[in-house]
>>> print(open('target30.txt').read())   # compact mmCIF, C-alpha atoms
# COMPACT_ATOMS: atom_id res chain seq x y z
CA MET A 212 -35.93 -68.60 36.42
CA THR A 213 -38.71 -71.08 36.03
CA GLY A 214 -41.03 -72.75 38.57
CA THR A 215 -39.09 -74.99 39.37
CA SER A 216 -43.38 -59.05 41.32
CA ALA A 217 -42.60 -52.52 42.08
CA GLY A 218 -44.03 -49.31 41.42
CA SER A 219 -42.68 -46.87 38.89
CA GLY A 220 -39.09 -45.82 38.67
CA GLY A 221 -35.99 -47.92 38.99
CA THR A 222 -32.93 -48.68 41.02
CA GLY A 223 -29.68 -48.88 39.12
CA GLY A 224 -26.72 -50.51 40.77
CA THR A 225 -23.31 -50.29 39.16
CA GLY A 226 -21.23 -52.37 41.50
CA GLY A 227 -22.08 -55.71 39.97
CA ASN A 228 -20.51 -58.84 41.37
CA GLY A 229 -17.01 -57.49 41.60
CA GLY A 230 -14.30 -58.24 39.10
CA SER A 231 -11.41 -60.67 39.17
CA GLY A 232 -8.03 -59.42 38.13
CA ASP A 233 -4.32 -59.97 38.67
CA SER A 234 -3.76 -59.72 42.38
CA GLY A 235 0.02 -59.99 42.09
CA GLU A 236 0.03 -63.11 44.23
CA ILE A 237 1.83 -66.25 43.15
CA ASP A 238 -0.41 -69.17 42.31
CA ASP A 239 0.93 -72.23 44.07
CA GLY A 240 -1.38 -74.49 42.07
CA GLY A 241 -3.51 -75.45 45.04
CA ASP A 242 -7.23 -75.86 44.50
CA VAL A 243 -9.53 -74.21 47.01
CA PRO A 244 -12.60 -76.39 47.47
CA PRO A 245 -15.95 -74.65 46.99
CA PRO A 246 -18.05 -74.04 50.08
CA GLU A 247 -20.58 -76.67 50.98
CA PRO A 248 -24.14 -76.18 49.69
CA GLU A 249 -26.36 -74.61 52.30
CA GLU A 250 -30.07 -74.20 52.97
CA VAL A 251 -30.79 -71.05 54.95
CA PRO A 252 -34.10 -70.43 56.74
CA VAL A 253 -35.47 -66.91 56.24
CA LEU A 254 -38.99 -67.21 57.70
CA GLU A 255 -40.14 -70.22 59.70
CA SER A 256 -43.73 -71.35 60.28
CA ILE A 257 -45.31 -67.89 60.19
CA ALA A 258 -49.09 -67.83 60.69
CA PHE A 259 -51.23 -65.95 58.17
CA TYR A 260 -54.74 -64.67 58.88
CA ASP A 261 -57.98 -63.62 57.22
CA GLY A 262 -56.94 -61.37 54.35
CA TYR A 263 -60.14 -59.33 54.55
CA ALA A 264 -60.03 -58.70 58.31
CA ALA A 265 -58.30 -56.03 60.39
CA THR A 266 -54.62 -56.78 60.93
CA VAL A 267 -54.07 -59.03 63.93
CA ASP A 268 -51.54 -58.27 66.66
CA GLU A 269 -50.43 -61.85 67.22
CA PRO A 270 -46.74 -62.14 68.16
CA LEU A 271 -44.08 -62.71 65.51
CA PRO A 272 -40.47 -63.92 65.77
CA ASP A 273 -37.81 -61.27 66.33
CA GLY A 274 -36.99 -59.43 63.13
CA VAL A 275 -40.26 -60.24 61.38
CA ILE A 276 -42.85 -57.54 60.66
CA ARG A 277 -46.47 -57.92 59.58
CA HIS A 278 -47.65 -55.46 56.92
CA ASP A 279 -51.12 -57.01 56.99
CA ASN A 280 -52.69 -60.40 57.61
CA SER A 281 -51.41 -61.80 54.32
CA LEU A 282 -47.97 -60.13 54.06
CA VAL A 283 -44.96 -60.47 56.36
CA ALA A 284 -41.33 -59.44 55.87
CA THR A 285 -37.88 -59.79 57.36
CA ARG A 286 -34.56 -58.03 56.69
CA LEU A 287 -31.73 -60.12 55.28
CA THR A 288 -28.89 -59.84 57.77
CA ASP A 289 -25.26 -59.44 56.76
CA GLU A 290 -24.69 -62.95 58.07
CA LEU A 291 -27.40 -64.37 55.84
CA LEU A 292 -26.23 -62.43 52.79
CA ALA A 293 -22.70 -63.73 53.32
CA LYS A 294 -24.02 -67.27 52.97
CA VAL A 295 -25.29 -66.63 49.43
CA GLN A 296 -22.93 -68.31 46.97
CA THR A 297 -23.18 -68.19 43.15
CA THR A 298 -26.48 -69.98 42.62
CA LEU A 299 -29.79 -69.66 44.42
CA LYS A 300 -33.06 -71.51 44.77
CA VAL A 301 -36.07 -70.10 46.63
CA ARG A 302 -38.16 -72.57 48.57
CA VAL A 303 -41.55 -72.09 50.25
CA VAL A 304 -43.47 -74.52 52.44
CA VAL A 305 -47.16 -73.82 53.08
CA GLY A 306 -48.92 -75.54 55.97
CA ALA A 307 -52.65 -76.13 56.28
CA ARG A 308 -54.65 -74.11 58.79
CA CYS A 309 -58.22 -72.85 58.40
CA ASP A 310 -58.47 -72.03 54.71
CA ASN A 311 -59.44 -75.00 52.57
CA TYR A 312 -59.48 -73.24 49.18
CA ASP A 313 -56.83 -72.47 46.56
CA ARG A 314 -55.23 -69.06 47.09
CA LEU A 315 -52.51 -66.89 45.62
CA GLY A 316 -49.13 -66.47 47.28
CA SER A 317 -45.84 -64.77 46.40
CA VAL A 318 -42.28 -64.05 47.46
CA ASN A 319 -41.05 -60.47 46.96
CA LEU A 320 -37.74 -58.70 47.47
CA ALA A 321 -38.00 -55.15 48.85
CA LEU A 322 -35.22 -52.53 48.63
CA VAL A 323 -35.60 -50.58 51.87
CA PRO A 324 -33.61 -47.50 52.96
CA LYS A 325 -30.54 -48.54 54.92
CA GLY A 326 -31.14 -49.00 58.63
CA ALA A 327 -34.94 -48.67 58.56
CA GLU A 328 -36.70 -50.74 61.21
CA THR A 329 -39.84 -51.00 59.09
CA TYR A 330 -41.25 -49.62 55.84
CA VAL A 331 -44.44 -49.06 53.85
CA SER A 332 -44.46 -51.64 51.08
CA SER A 333 -46.03 -49.31 48.51
CA GLU A 334 -43.32 -46.68 49.08
CA VAL A 335 -40.21 -48.73 48.26
CA ASP A 336 -38.97 -50.53 45.17
CA ARG A 337 -39.97 -54.19 45.19
CA ILE A 338 -39.73 -57.07 42.76
CA GLU A 339 -41.78 -60.25 42.72
CA VAL A 340 -39.44 -63.20 42.94
CA ALA A 341 -41.92 -66.07 42.87
CA ARG A 342 -45.65 -66.81 42.75
CA PHE A 343 -47.63 -69.91 43.70
CA ILE A 344 -51.12 -71.32 44.22
CA THR A 345 -52.07 -73.08 47.44
CA PRO A 346 -53.97 -76.37 47.21
CA PHE A 347 -57.36 -77.22 48.67
CA MET A 348 -56.17 -78.46 52.07
CA ASP A 349 -57.95 -79.98 55.06
CA MET A 350 -55.66 -79.50 58.05
CA ASN A 351 -56.84 -82.82 59.51
CA LYS A 352 -55.61 -84.87 56.55
CA GLN A 353 -52.13 -85.77 55.38
CA PRO A 354 -50.09 -84.27 53.87
CA THR A 355 -50.57 -81.03 55.77
CA THR A 356 -47.77 -79.18 53.99
CA VAL A 357 -46.92 -78.46 50.34
CA PRO A 358 -43.42 -77.52 49.10
CA TYR A 359 -42.55 -75.13 46.26
CA GLU A 360 -39.21 -74.38 44.62
CA TRP A 361 -37.92 -71.87 42.04
CA GLU A 362 -34.56 -71.46 40.34
CA ALA A 363 -33.59 -67.88 41.22
CA SER A 364 -29.86 -67.50 40.56
CA ASN A 365 -30.53 -64.20 38.79
CA LEU A 366 -31.06 -62.74 42.29
CA VAL A 367 -27.43 -63.35 43.25
CA PRO A 368 -26.02 -60.26 41.47
CA ILE A 369 -28.75 -58.18 43.14
CA LEU A 370 -27.99 -59.49 46.61
CA LYS A 371 -24.22 -58.99 46.06
CA ASP A 372 -24.42 -55.53 44.44
CA ALA A 373 -22.20 -53.19 46.48
CA ASP A 374 -23.92 -50.01 45.29
CA LEU A 375 -27.39 -51.30 46.14
CA LEU A 376 -26.17 -52.54 49.53
CA ALA A 377 -24.66 -49.14 50.31
CA GLU A 378 -28.09 -47.51 50.13
CA HIS A 379 -30.54 -50.31 50.88
CA ASP A 380 -31.31 -53.23 53.10
CA PHE A 381 -32.91 -56.18 51.38
CA TRP A 382 -36.11 -57.51 52.91
CA PHE A 383 -37.79 -60.71 51.81
CA GLU A 384 -41.57 -60.65 51.86
CA LEU A 385 -43.83 -63.70 51.97
CA SER A 386 -47.45 -63.18 50.99
CA ILE A 387 -50.19 -65.80 51.34
CA PHE A 388 -53.73 -64.57 50.97
CA GLY A 389 -56.47 -66.57 52.70
CA VAL A 390 -59.96 -66.45 54.17
CA PRO A 391 -61.35 -68.90 56.75
CA TYR A 392 -65.08 -68.59 56.15
CA ALA A 393 -65.68 -71.89 54.38
CA ALA A 394 -63.31 -73.80 56.66
CA ASN A 395 -65.08 -72.39 59.75
CA ASP A 396 -68.02 -74.60 58.73
CA GLU A 397 -66.38 -77.38 56.76
CA VAL A 398 -63.14 -78.29 58.57
CA ALA A 399 -63.17 -79.88 62.02
CA GLY A 400 -61.41 -77.65 64.54
CA CYS A 401 -61.75 -74.43 62.51
CA ALA A 402 -64.96 -73.03 64.00
CA GLY A 403 -64.38 -69.43 65.09
CA ARG A 404 -60.76 -69.30 63.89
CA ASN A 405 -59.19 -66.76 61.51
CA ASP A 406 -55.74 -68.27 60.94
CA THR A 407 -55.53 -69.44 57.35
CA GLN A 408 -52.09 -70.91 56.58
CA LEU A 409 -48.58 -71.37 57.88
CA GLY A 410 -45.69 -70.25 55.68
CA SER A 411 -41.94 -70.83 55.65
CA LEU A 412 -39.33 -69.34 53.30
CA LEU A 413 -35.88 -70.84 52.72
CA LEU A 414 -32.94 -70.21 50.40
CA TYR A 415 -30.77 -72.96 48.94
CA THR A 416 -27.39 -71.87 47.63
CA ASP A 417 -24.28 -73.52 46.23
CA SER A 418 -21.33 -72.83 43.91
CA THR A 419 -21.98 -75.31 41.12
CA GLN A 420 -22.10 -72.55 38.46
CA GLU A 421 -20.58 -69.12 37.97
CA ALA A 422 -22.63 -66.20 39.24
CA GLN A 423 -24.67 -64.31 36.67
CA ASP A 424 -23.35 -60.89 35.73
CA PHE A 425 -25.91 -58.07 36.01
CA SER A 426 -25.26 -54.67 37.57
CA VAL A 427 -28.46 -52.72 36.80
CA LEU A 428 -31.88 -53.43 38.29
CA LEU A 429 -35.04 -51.65 37.13
CA PRO A 430 -38.19 -52.61 39.09
CA LEU A 431 -41.13 -51.80 36.81
CA ALA A 432 -44.31 -53.47 38.12
CA ILE A 433 -45.41 -55.72 40.97
CA GLY A 434 -48.82 -57.36 41.11
CA GLU A 435 -50.41 -54.73 38.89
CA GLU A 436 -53.92 -55.24 37.56
CA PHE A 437 -54.01 -56.44 33.98
CA ASN A 438 -57.41 -56.90 32.35
CA ASN A 439 -59.57 -55.29 29.65
CA TYR A 440 -62.36 -53.68 31.70
CA ALA A 441 -60.81 -51.63 34.53
CA MET A 442 -59.52 -48.14 33.80
CA GLY A 443 -55.74 -48.22 33.91
CA ALA A 444 -55.43 -52.01 33.89
CA SER A 445 -54.46 -51.99 30.21
CA ASP A 446 -53.54 -49.48 27.52
CA GLU A 447 -57.21 -49.01 26.70
CA VAL A 448 -60.48 -50.39 28.07
CA GLY A 449 -61.58 -53.20 25.77
CA THR A 450 -58.05 -54.46 25.06
CA THR A 451 -55.80 -56.81 27.02
CA ARG A 452 -52.60 -55.05 26.04
CA LYS A 453 -50.25 -53.39 28.52
CA THR A 454 -47.33 -51.13 27.62
CA VAL A 455 -44.51 -50.29 30.03
CA SER A 456 -41.95 -47.64 29.04
CA PHE A 457 -38.62 -47.52 30.86
CA GLU A 458 -35.17 -45.99 30.58
CA LEU A 459 -31.86 -47.82 30.54
CA PRO A 460 -29.23 -45.66 32.26
CA ALA A 461 -26.38 -46.83 30.00
CA ASP A 462 -25.61 -49.01 27.02
CA THR A 463 -25.59 -52.70 27.88
CA GLN A 464 -24.14 -55.78 26.25
CA ASN A 465 -26.74 -58.03 27.81
CA ALA A 466 -30.14 -57.43 29.38
CA GLN A 467 -33.14 -59.51 30.32
CA LEU A 468 -36.70 -58.94 31.52
CA VAL A 469 -38.22 -61.04 34.32
CA LEU A 470 -41.98 -61.52 33.99
CA ILE A 471 -44.71 -63.13 36.10
CA THR A 472 -48.37 -63.39 35.11
CA SER A 473 -51.16 -65.76 36.12
CA ASN A 474 -54.73 -65.99 34.86
CA HIS A 475 -57.59 -65.64 37.34
CA GLY A 476 -61.38 -65.49 37.07
CA ALA A 477 -63.40 -68.39 38.49
CA ASN A 478 -66.79 -67.29 37.12
CA GLN A 479 -68.49 -69.20 34.32
CA GLY A 480 -66.35 -68.74 31.23
CA GLY A 481 -63.71 -67.12 33.43
CA GLU A 482 -60.15 -66.57 32.29
CA GLU A 483 -58.96 -69.03 34.91
CA TYR A 484 -60.25 -71.87 32.77
CA ILE A 485 -59.33 -70.81 29.23
CA ARG A 486 -55.78 -71.01 27.96
CA ARG A 487 -54.72 -67.93 26.01
CA GLU A 488 -51.71 -67.08 23.90
CA HIS A 489 -49.61 -64.34 25.52
CA HIS A 490 -47.36 -62.21 23.28
CA VAL A 491 -44.41 -60.21 24.65
CA TYR A 492 -42.73 -57.46 22.59
CA VAL A 493 -39.61 -55.44 23.36
CA ASP A 494 -39.19 -52.30 21.25
CA GLY A 495 -41.74 -53.66 18.80
CA GLU A 496 -40.05 -57.04 18.29
CA LEU A 497 -41.67 -60.27 19.41
CA ALA A 498 -39.52 -61.56 22.28
CA LEU A 499 -41.70 -64.34 23.77
CA ARG A 500 -44.93 -66.17 23.08
CA TYR A 501 -46.39 -68.45 25.75
CA LYS A 502 -49.59 -70.17 26.80
CA PRO A 503 -49.86 -70.83 30.57
CA GLY A 504 -50.76 -74.26 31.89
CA ARG A 505 -49.22 -77.62 32.71
CA MET A 506 -49.42 -80.85 30.78
CA SER A 507 -51.18 -82.30 33.84
CA CYS A 508 -52.13 -81.33 37.39
CA GLU A 509 -52.14 -84.93 38.61
CA PRO A 510 -48.74 -84.61 40.40
CA PHE A 511 -50.42 -82.15 42.81
CA ARG A 512 -53.50 -84.23 43.56
CA LYS A 513 -51.91 -85.59 46.75
CA TYR A 514 -51.74 -82.07 48.26
CA ASN A 515 -55.41 -81.32 47.55
CA THR A 516 -56.83 -83.13 50.58
CA GLN A 517 -60.09 -81.12 50.71
CA SER A 518 -62.78 -82.27 48.28
CA ASN A 519 -63.08 -79.81 45.41
CA GLY A 520 -64.46 -79.44 41.91
CA ILE A 521 -61.11 -79.15 40.17
CA TYR A 522 -59.64 -82.53 40.98
CA GLY A 523 -62.81 -84.60 41.29
CA ARG A 524 -62.90 -88.21 42.43
CA SER A 525 -60.78 -89.78 39.70
CA PRO A 526 -57.68 -88.80 37.70
CA ARG A 527 -58.06 -86.69 34.58
CA SER A 528 -56.22 -87.31 31.34
CA ASP A 529 -53.60 -84.85 30.10
CA GLU A 530 -56.06 -83.71 27.45
CA GLU A 531 -58.71 -82.98 30.08
CA TRP A 532 -56.30 -80.90 32.15
CA GLN A 533 -55.13 -78.98 29.12
CA SER A 534 -58.70 -78.20 28.13
CA PHE A 535 -59.27 -75.85 31.06
CA SER A 536 -56.44 -75.42 33.58
CA ASN A 537 -54.09 -72.42 33.47
CA TRP A 538 -52.42 -73.54 36.69
CA CYS A 539 -52.64 -76.27 39.30
CA PRO A 540 -53.61 -75.80 42.97
CA GLY A 541 -50.44 -76.73 44.82
CA ASP A 542 -48.05 -75.71 42.02
CA VAL A 543 -45.75 -72.79 41.26
CA ILE A 544 -46.51 -70.11 38.70
CA ASP A 545 -43.65 -69.88 36.24
CA THR A 546 -41.25 -66.96 36.40
CA ARG A 547 -40.37 -66.20 32.80
CA ILE A 548 -36.98 -64.87 31.74
CA VAL A 549 -37.26 -62.83 28.53
CA PRO A 550 -33.81 -62.59 26.90
CA TRP A 551 -33.10 -59.18 25.37
CA GLY A 552 -29.38 -58.94 24.68
CA ALA A 553 -27.50 -55.78 23.80
CA ALA A 554 -29.44 -52.52 24.11
CA SER A 555 -28.66 -48.82 24.03
CA ALA A 556 -29.11 -46.26 26.77
CA GLY A 557 -32.39 -44.37 26.69
CA MET A 558 -36.09 -45.12 26.49
CA HIS A 559 -37.46 -48.57 25.63
CA GLU A 560 -40.86 -50.19 25.49
CA PHE A 561 -42.22 -53.49 26.79
CA VAL A 562 -45.63 -54.72 25.65
CA ILE A 563 -47.64 -57.75 26.74
CA ASP A 564 -50.71 -58.58 24.67
CA VAL A 565 -53.33 -61.29 25.24
CA PRO A 566 -55.63 -60.57 22.29
CA ASP A 567 -58.14 -63.41 22.84
CA ALA A 568 -58.91 -62.67 26.52
CA THR A 569 -62.59 -61.82 27.12
CA PHE A 570 -63.05 -61.42 30.94
CA ALA A 571 -66.66 -62.63 31.00
CA ASP A 572 -68.95 -60.43 33.13
CA GLU A 573 -65.98 -58.10 33.71
CA GLN A 574 -64.42 -60.51 36.17
CA GLY A 575 -60.91 -61.85 36.49
CA ASN A 576 -57.39 -60.48 36.35
CA PHE A 577 -53.85 -61.33 35.20
CA PRO A 578 -51.67 -59.95 38.04
CA PHE A 579 -48.59 -58.56 36.30
CA SER A 580 -45.03 -58.19 37.60
CA LEU A 581 -41.93 -57.13 35.67
CA TYR A 582 -38.34 -56.02 36.21
CA VAL A 583 -35.25 -55.55 34.05
CA GLN A 584 -31.67 -56.66 34.69
CA ALA A 585 -28.75 -55.40 32.61
CA GLN A 586 -24.98 -55.73 32.61
>>> encode(input="target30.txt", output="structure tokens")
Amino acid sequence: MTGTSAGSGGTGGTGGNGGSGDSGEIDDGGDVPPPEPEEVPVLESIAFYDGYAATVDEPLPDGVIRHDNSLVATRLTDELLAKVQTTLKVRVVVGARCDNYDRLGSVNLALVPKGAETYVSSEVDRIEVARFITPFMDMNKQPTTVPYEWEASNLVPILKDADLLAEHDFWFELSIFGVPYAANDEVAGCAGRNDTQLGSLLLYTDSTQEAQDFSVLLPLAIGEEFNNYAMGASDEVGTTRKTVSFELPADTQNAQLVLITSNHGANQGGEEYIRREHHVYVDGELALRYKPGRMSCEPFRKYNTQSNGIYGRSPRSDEEWQSFSNWCPGDVIDTRIVPWGAASAGMHEFVIDVPDATFADEQGNFPFSLYVQAQ
């Protein structure tokens, strides 16, 4: 699941996607056409507000709840779940309001006790599905919206899992943090306002490929602090190494880990501007090595309609972008699938290590999200 976050403990489903066997019916040779592809709205044009202020009481559409000014959620109805086919893409559209800086956003899936009308986000299992960075946007200049998309077909076996559905409702969360203080002075029409962005969430689904086959879900971390200076943010202060131990409930023929990290720290020499090698180990074996950052951020220049120091007045070369950018305002953050394969029941260990990170002046963070899927 690539661009195109759960507390401790886990949730193990065993229903999977359902099997196909001999039904005893006679095959008359007729081909049943696949259902038509469908795009399903989940949240539409929801206003977000100052992330540092008291939660507003502005009205929301029926079925939508506001956890705080930067996090809203809605339950996936049976009707919506029935529309999910064998593949899935998650789409987000962010609209400009009165925040003209680059901010962090995410899409999460929450597993909420069946029938609950609301929930406390920190008290239920959640996974981060997607993460993105908003552009520098002036709401008076075109374009006023920016689209994002992620391949997320690995969610299909979760959303179709009969055992999970027997105990939980699935709620999608959309988070967009923002503050209006600069825009109050710099953007025409924003004086005195505290609305920061508009956000929409959609699902695109079709049947072009077979559904993935996973029947166990272990949420392990969502948006956790990961740095080398805060107590508990790594294995030991002074190191950027984080270990997560977890238990597989049964032997598996195939498992994978789903990982999201992004580098933040806008101070001088901050981690936001220095590309670092990230090393991922599973049970002591190197499973993935990656260095965040795009070849170029130029494709997202058109969405950055507010003057800013990242894009400047003229295009940068690929080499210039690669010399400092870990991500692009207006782009997705990659969701990384870490293949694991066959594994035995019992305790296992995940480690992520960024040995060269320095966190100048004890600033910055690599928000860390992780979950496991197994057959």
>>> closest_residue(input="target30.txt", among="A:Pro354, A:Gly410, A:Pro270, A:Gly449", to="Val318 (chain A)", atoms="all atoms listed in the file")
A:Gly410
>>> closest_residue(input="target30.txt", among="A:Glu483, A:Glu496, A:Asp424, A:Glu255", to="Gln464 (chain A)", atoms="all atoms listed in the file")
A:Asp424
>>> atom_distance(input="target30.txt", atom1="CA of Ser456 (chain A)", atom2="CA of Phe561 (chain A)")
6.3 Å
>>> residues_near_point(input="target30.txt", point="(-38.3, -67.6, 39.5)", cutoff="10 Å", atoms="only C-alpha atoms", output="PDB file with C-alpha atoms, keeping the file's coordinate frame")
ATOM      1  CA  MET A 212     -35.930 -68.600  36.420  1.00  0.00           C
ATOM      2  CA  THR A 213     -38.710 -71.080  36.030  1.00  0.00           C
ATOM      3  CA  GLY A 214     -41.030 -72.750  38.570  1.00  0.00           C
ATOM      4  CA  THR A 215     -39.090 -74.990  39.370  1.00  0.00           C
ATOM      5  CA  LYS A 300     -33.060 -71.510  44.770  1.00  0.00           C
ATOM      6  CA  VAL A 301     -36.070 -70.100  46.630  1.00  0.00           C
ATOM      7  CA  VAL A 318     -42.280 -64.050  47.460  1.00  0.00           C
ATOM      8  CA  GLU A 339     -41.780 -60.250  42.720  1.00  0.00           C
ATOM      9  CA  VAL A 340     -39.440 -63.200  42.940  1.00  0.00           C
ATOM     10  CA  ALA A 341     -41.920 -66.070  42.870  1.00  0.00           C
ATOM     11  CA  ARG A 342     -45.650 -66.810  42.750  1.00  0.00           C
ATOM     12  CA  GLU A 360     -39.210 -74.380  44.620  1.00  0.00           C
ATOM     13  CA  TRP A 361     -37.920 -71.870  42.040  1.00  0.00           C
ATOM     14  CA  GLU A 362     -34.560 -71.460  40.340  1.00  0.00           C
ATOM     15  CA  ALA A 363     -33.590 -67.880  41.220  1.00  0.00           C
ATOM     16  CA  SER A 364     -29.860 -67.500  40.560  1.00  0.00           C
ATOM     17  CA  ASN A 365     -30.530 -64.200  38.790  1.00  0.00           C
ATOM     18  CA  LEU A 366     -31.060 -62.740  42.290  1.00  0.00           C
ATOM     19  CA  VAL A 469     -38.220 -61.040  34.320  1.00  0.00           C
ATOM     20  CA  LEU A 470     -41.980 -61.520  33.990  1.00  0.00           C
ATOM     21  CA  ILE A 471     -44.710 -63.130  36.100  1.00  0.00           C
ATOM     22  CA  VAL A 543     -45.750 -72.790  41.260  1.00  0.00           C
ATOM     23  CA  ILE A 544     -46.510 -70.110  38.700  1.00  0.00           C
ATOM     24  CA  ASP A 545     -43.650 -69.880  36.240  1.00  0.00           C
ATOM     25  CA  THR A 546     -41.250 -66.960  36.400  1.00  0.00           C
ATOM     26  CA  ARG A 547     -40.370 -66.200  32.800  1.00  0.00           C
ATOM     27  CA  ILE A 548     -36.980 -64.870  31.740  1.00  0.00           C
TER      28      ILE A 548
END
>>> closest_residue(input="target30.txt", among="A:Val562, A:Arg302, A:Phe457, A:Gly326", to="Arg500 (chain A)", atoms="all atoms listed in the file")
A:Val562
>>> atom_distance(input="target30.txt", atom1="CA of Arg337 (chain A)", atom2="CA of Leu322 (chain A)")
6.1 Å
>>> atom_distance(input="target30.txt", atom1="CA of Lys371 (chain A)", atom2="CA of Ala461 (chain A)")
20.3 Å
>>> residues_around(input="target30.txt", residues="Asn478 (chain A)", least_positions_apart="4", cutoff="9 Å", atoms="all atoms listed in the file", output="PDB file with C-alpha atoms, in the frame of the given file")
ATOM      1  CA  GLU A 482     -60.150 -66.570  32.290  1.00  0.00           C
ATOM      2  CA  GLU A 483     -58.960 -69.030  34.910  1.00  0.00           C
ATOM      3  CA  ALA A 571     -66.660 -62.630  31.000  1.00  0.00           C
ATOM      4  CA  ASP A 572     -68.950 -60.430  33.130  1.00  0.00           C
ATOM      5  CA  GLN A 574     -64.420 -60.510  36.170  1.00  0.00           C
ATOM      6  CA  GLY A 575     -60.910 -61.850  36.490  1.00  0.00           C
TER       7      GLY A 575
END
>>> residues_near_point(input="target30.txt", point="(-49.6, -56.1, 39.6)", cutoff="8 Å", atoms="all atoms listed in the file", output="VMD selection string")
chain A and resid 216 432 to 437 578 to 580
>>> closest_residue(input="target30.txt", among="A:Pro391, A:Gly557, A:Pro346, A:Pro246", to="Asn515 (chain A)", atoms="only C-alpha atoms")
A:Pro346
>>> build_atoms(input="target30.txt", residues="region 467-479 of chain A", atoms="N, CA, C and O atoms", output="mmCIF file, in the coordinates of the input")
data_model
loop_
_atom_site.group_PDB
_atom_site.id
_atom_site.type_symbol
_atom_site.label_atom_id
_atom_site.label_comp_id
_atom_site.auth_asym_id
_atom_site.auth_seq_id
_atom_site.Cartn_x
_atom_site.Cartn_y
_atom_site.Cartn_z
ATOM 1 N N GLN A 467 -32.014 -58.599 30.319
ATOM 2 C CA GLN A 467 -33.140 -59.510 30.320
ATOM 3 C C GLN A 467 -34.291 -58.902 31.106
ATOM 4 O O GLN A 467 -34.089 -58.034 31.968
ATOM 5 N N LEU A 468 -35.510 -59.346 30.787
ATOM 6 C CA LEU A 468 -36.700 -58.940 31.520
ATOM 7 C C LEU A 468 -37.225 -60.160 32.268
ATOM 8 O O LEU A 468 -37.192 -61.287 31.748
ATOM 9 N N VAL A 469 -37.694 -59.957 33.488
ATOM 10 C CA VAL A 469 -38.220 -61.040 34.320
ATOM 11 C C VAL A 469 -39.703 -60.768 34.542
ATOM 12 O O VAL A 469 -40.083 -59.715 35.076
ATOM 13 N N LEU A 470 -40.534 -61.718 34.112
ATOM 14 C CA LEU A 470 -41.980 -61.520 33.990
ATOM 15 C C LEU A 470 -42.744 -62.594 34.737
ATOM 16 O O LEU A 470 -42.409 -63.781 34.656
ATOM 17 N N ILE A 471 -43.786 -62.180 35.470
ATOM 18 C CA ILE A 471 -44.710 -63.130 36.100
ATOM 19 C C ILE A 471 -46.135 -62.687 35.796
ATOM 20 O O ILE A 471 -46.495 -61.528 36.039
ATOM 21 N N THR A 472 -46.938 -63.594 35.260
ATOM 22 C CA THR A 472 -48.370 -63.390 35.110
ATOM 23 C C THR A 472 -49.080 -64.677 35.479
ATOM 24 O O THR A 472 -48.508 -65.770 35.366
ATOM 25 N N SER A 473 -50.322 -64.570 35.911
ATOM 26 C CA SER A 473 -51.160 -65.760 36.120
ATOM 27 C C SER A 473 -52.606 -65.362 35.871
ATOM 28 O O SER A 473 -53.009 -64.238 36.155
ATOM 29 N N ASN A 474 -53.378 -66.289 35.326
ATOM 30 C CA ASN A 474 -54.730 -65.990 34.860
ATOM 31 C C ASN A 474 -55.760 -66.379 35.910
ATOM 32 O O ASN A 474 -55.811 -67.537 36.329
ATOM 33 N N HIS A 475 -56.606 -65.406 36.292
ATOM 34 C CA HIS A 475 -57.590 -65.640 37.340
ATOM 35 C C HIS A 475 -58.967 -65.155 36.889
ATOM 36 O O HIS A 475 -59.079 -64.208 36.116
ATOM 37 N N GLY A 476 -59.999 -65.793 37.415
ATOM 38 C CA GLY A 476 -61.380 -65.490 37.070
ATOM 39 C C GLY A 476 -62.181 -66.773 37.102
ATOM 40 O O GLY A 476 -62.270 -67.498 36.108
ATOM 41 N N ALA A 477 -62.761 -67.094 38.270
ATOM 42 C CA ALA A 477 -63.400 -68.390 38.490
ATOM 43 C C ALA A 477 -64.869 -68.422 38.105
ATOM 44 O O ALA A 477 -65.536 -69.434 38.311
ATOM 45 N N ASN A 478 -65.384 -67.317 37.549
ATOM 46 C CA ASN A 478 -66.790 -67.290 37.120
ATOM 47 C C ASN A 478 -66.972 -68.159 35.882
ATOM 48 O O ASN A 478 -66.004 -68.619 35.264
ATOM 49 N N GLN A 479 -68.216 -68.408 35.519
ATOM 50 C CA GLN A 479 -68.490 -69.200 34.320
ATOM 51 C C GLN A 479 -67.865 -68.535 33.100
ATOM 52 O O GLN A 479 -68.050 -67.347 32.849
#
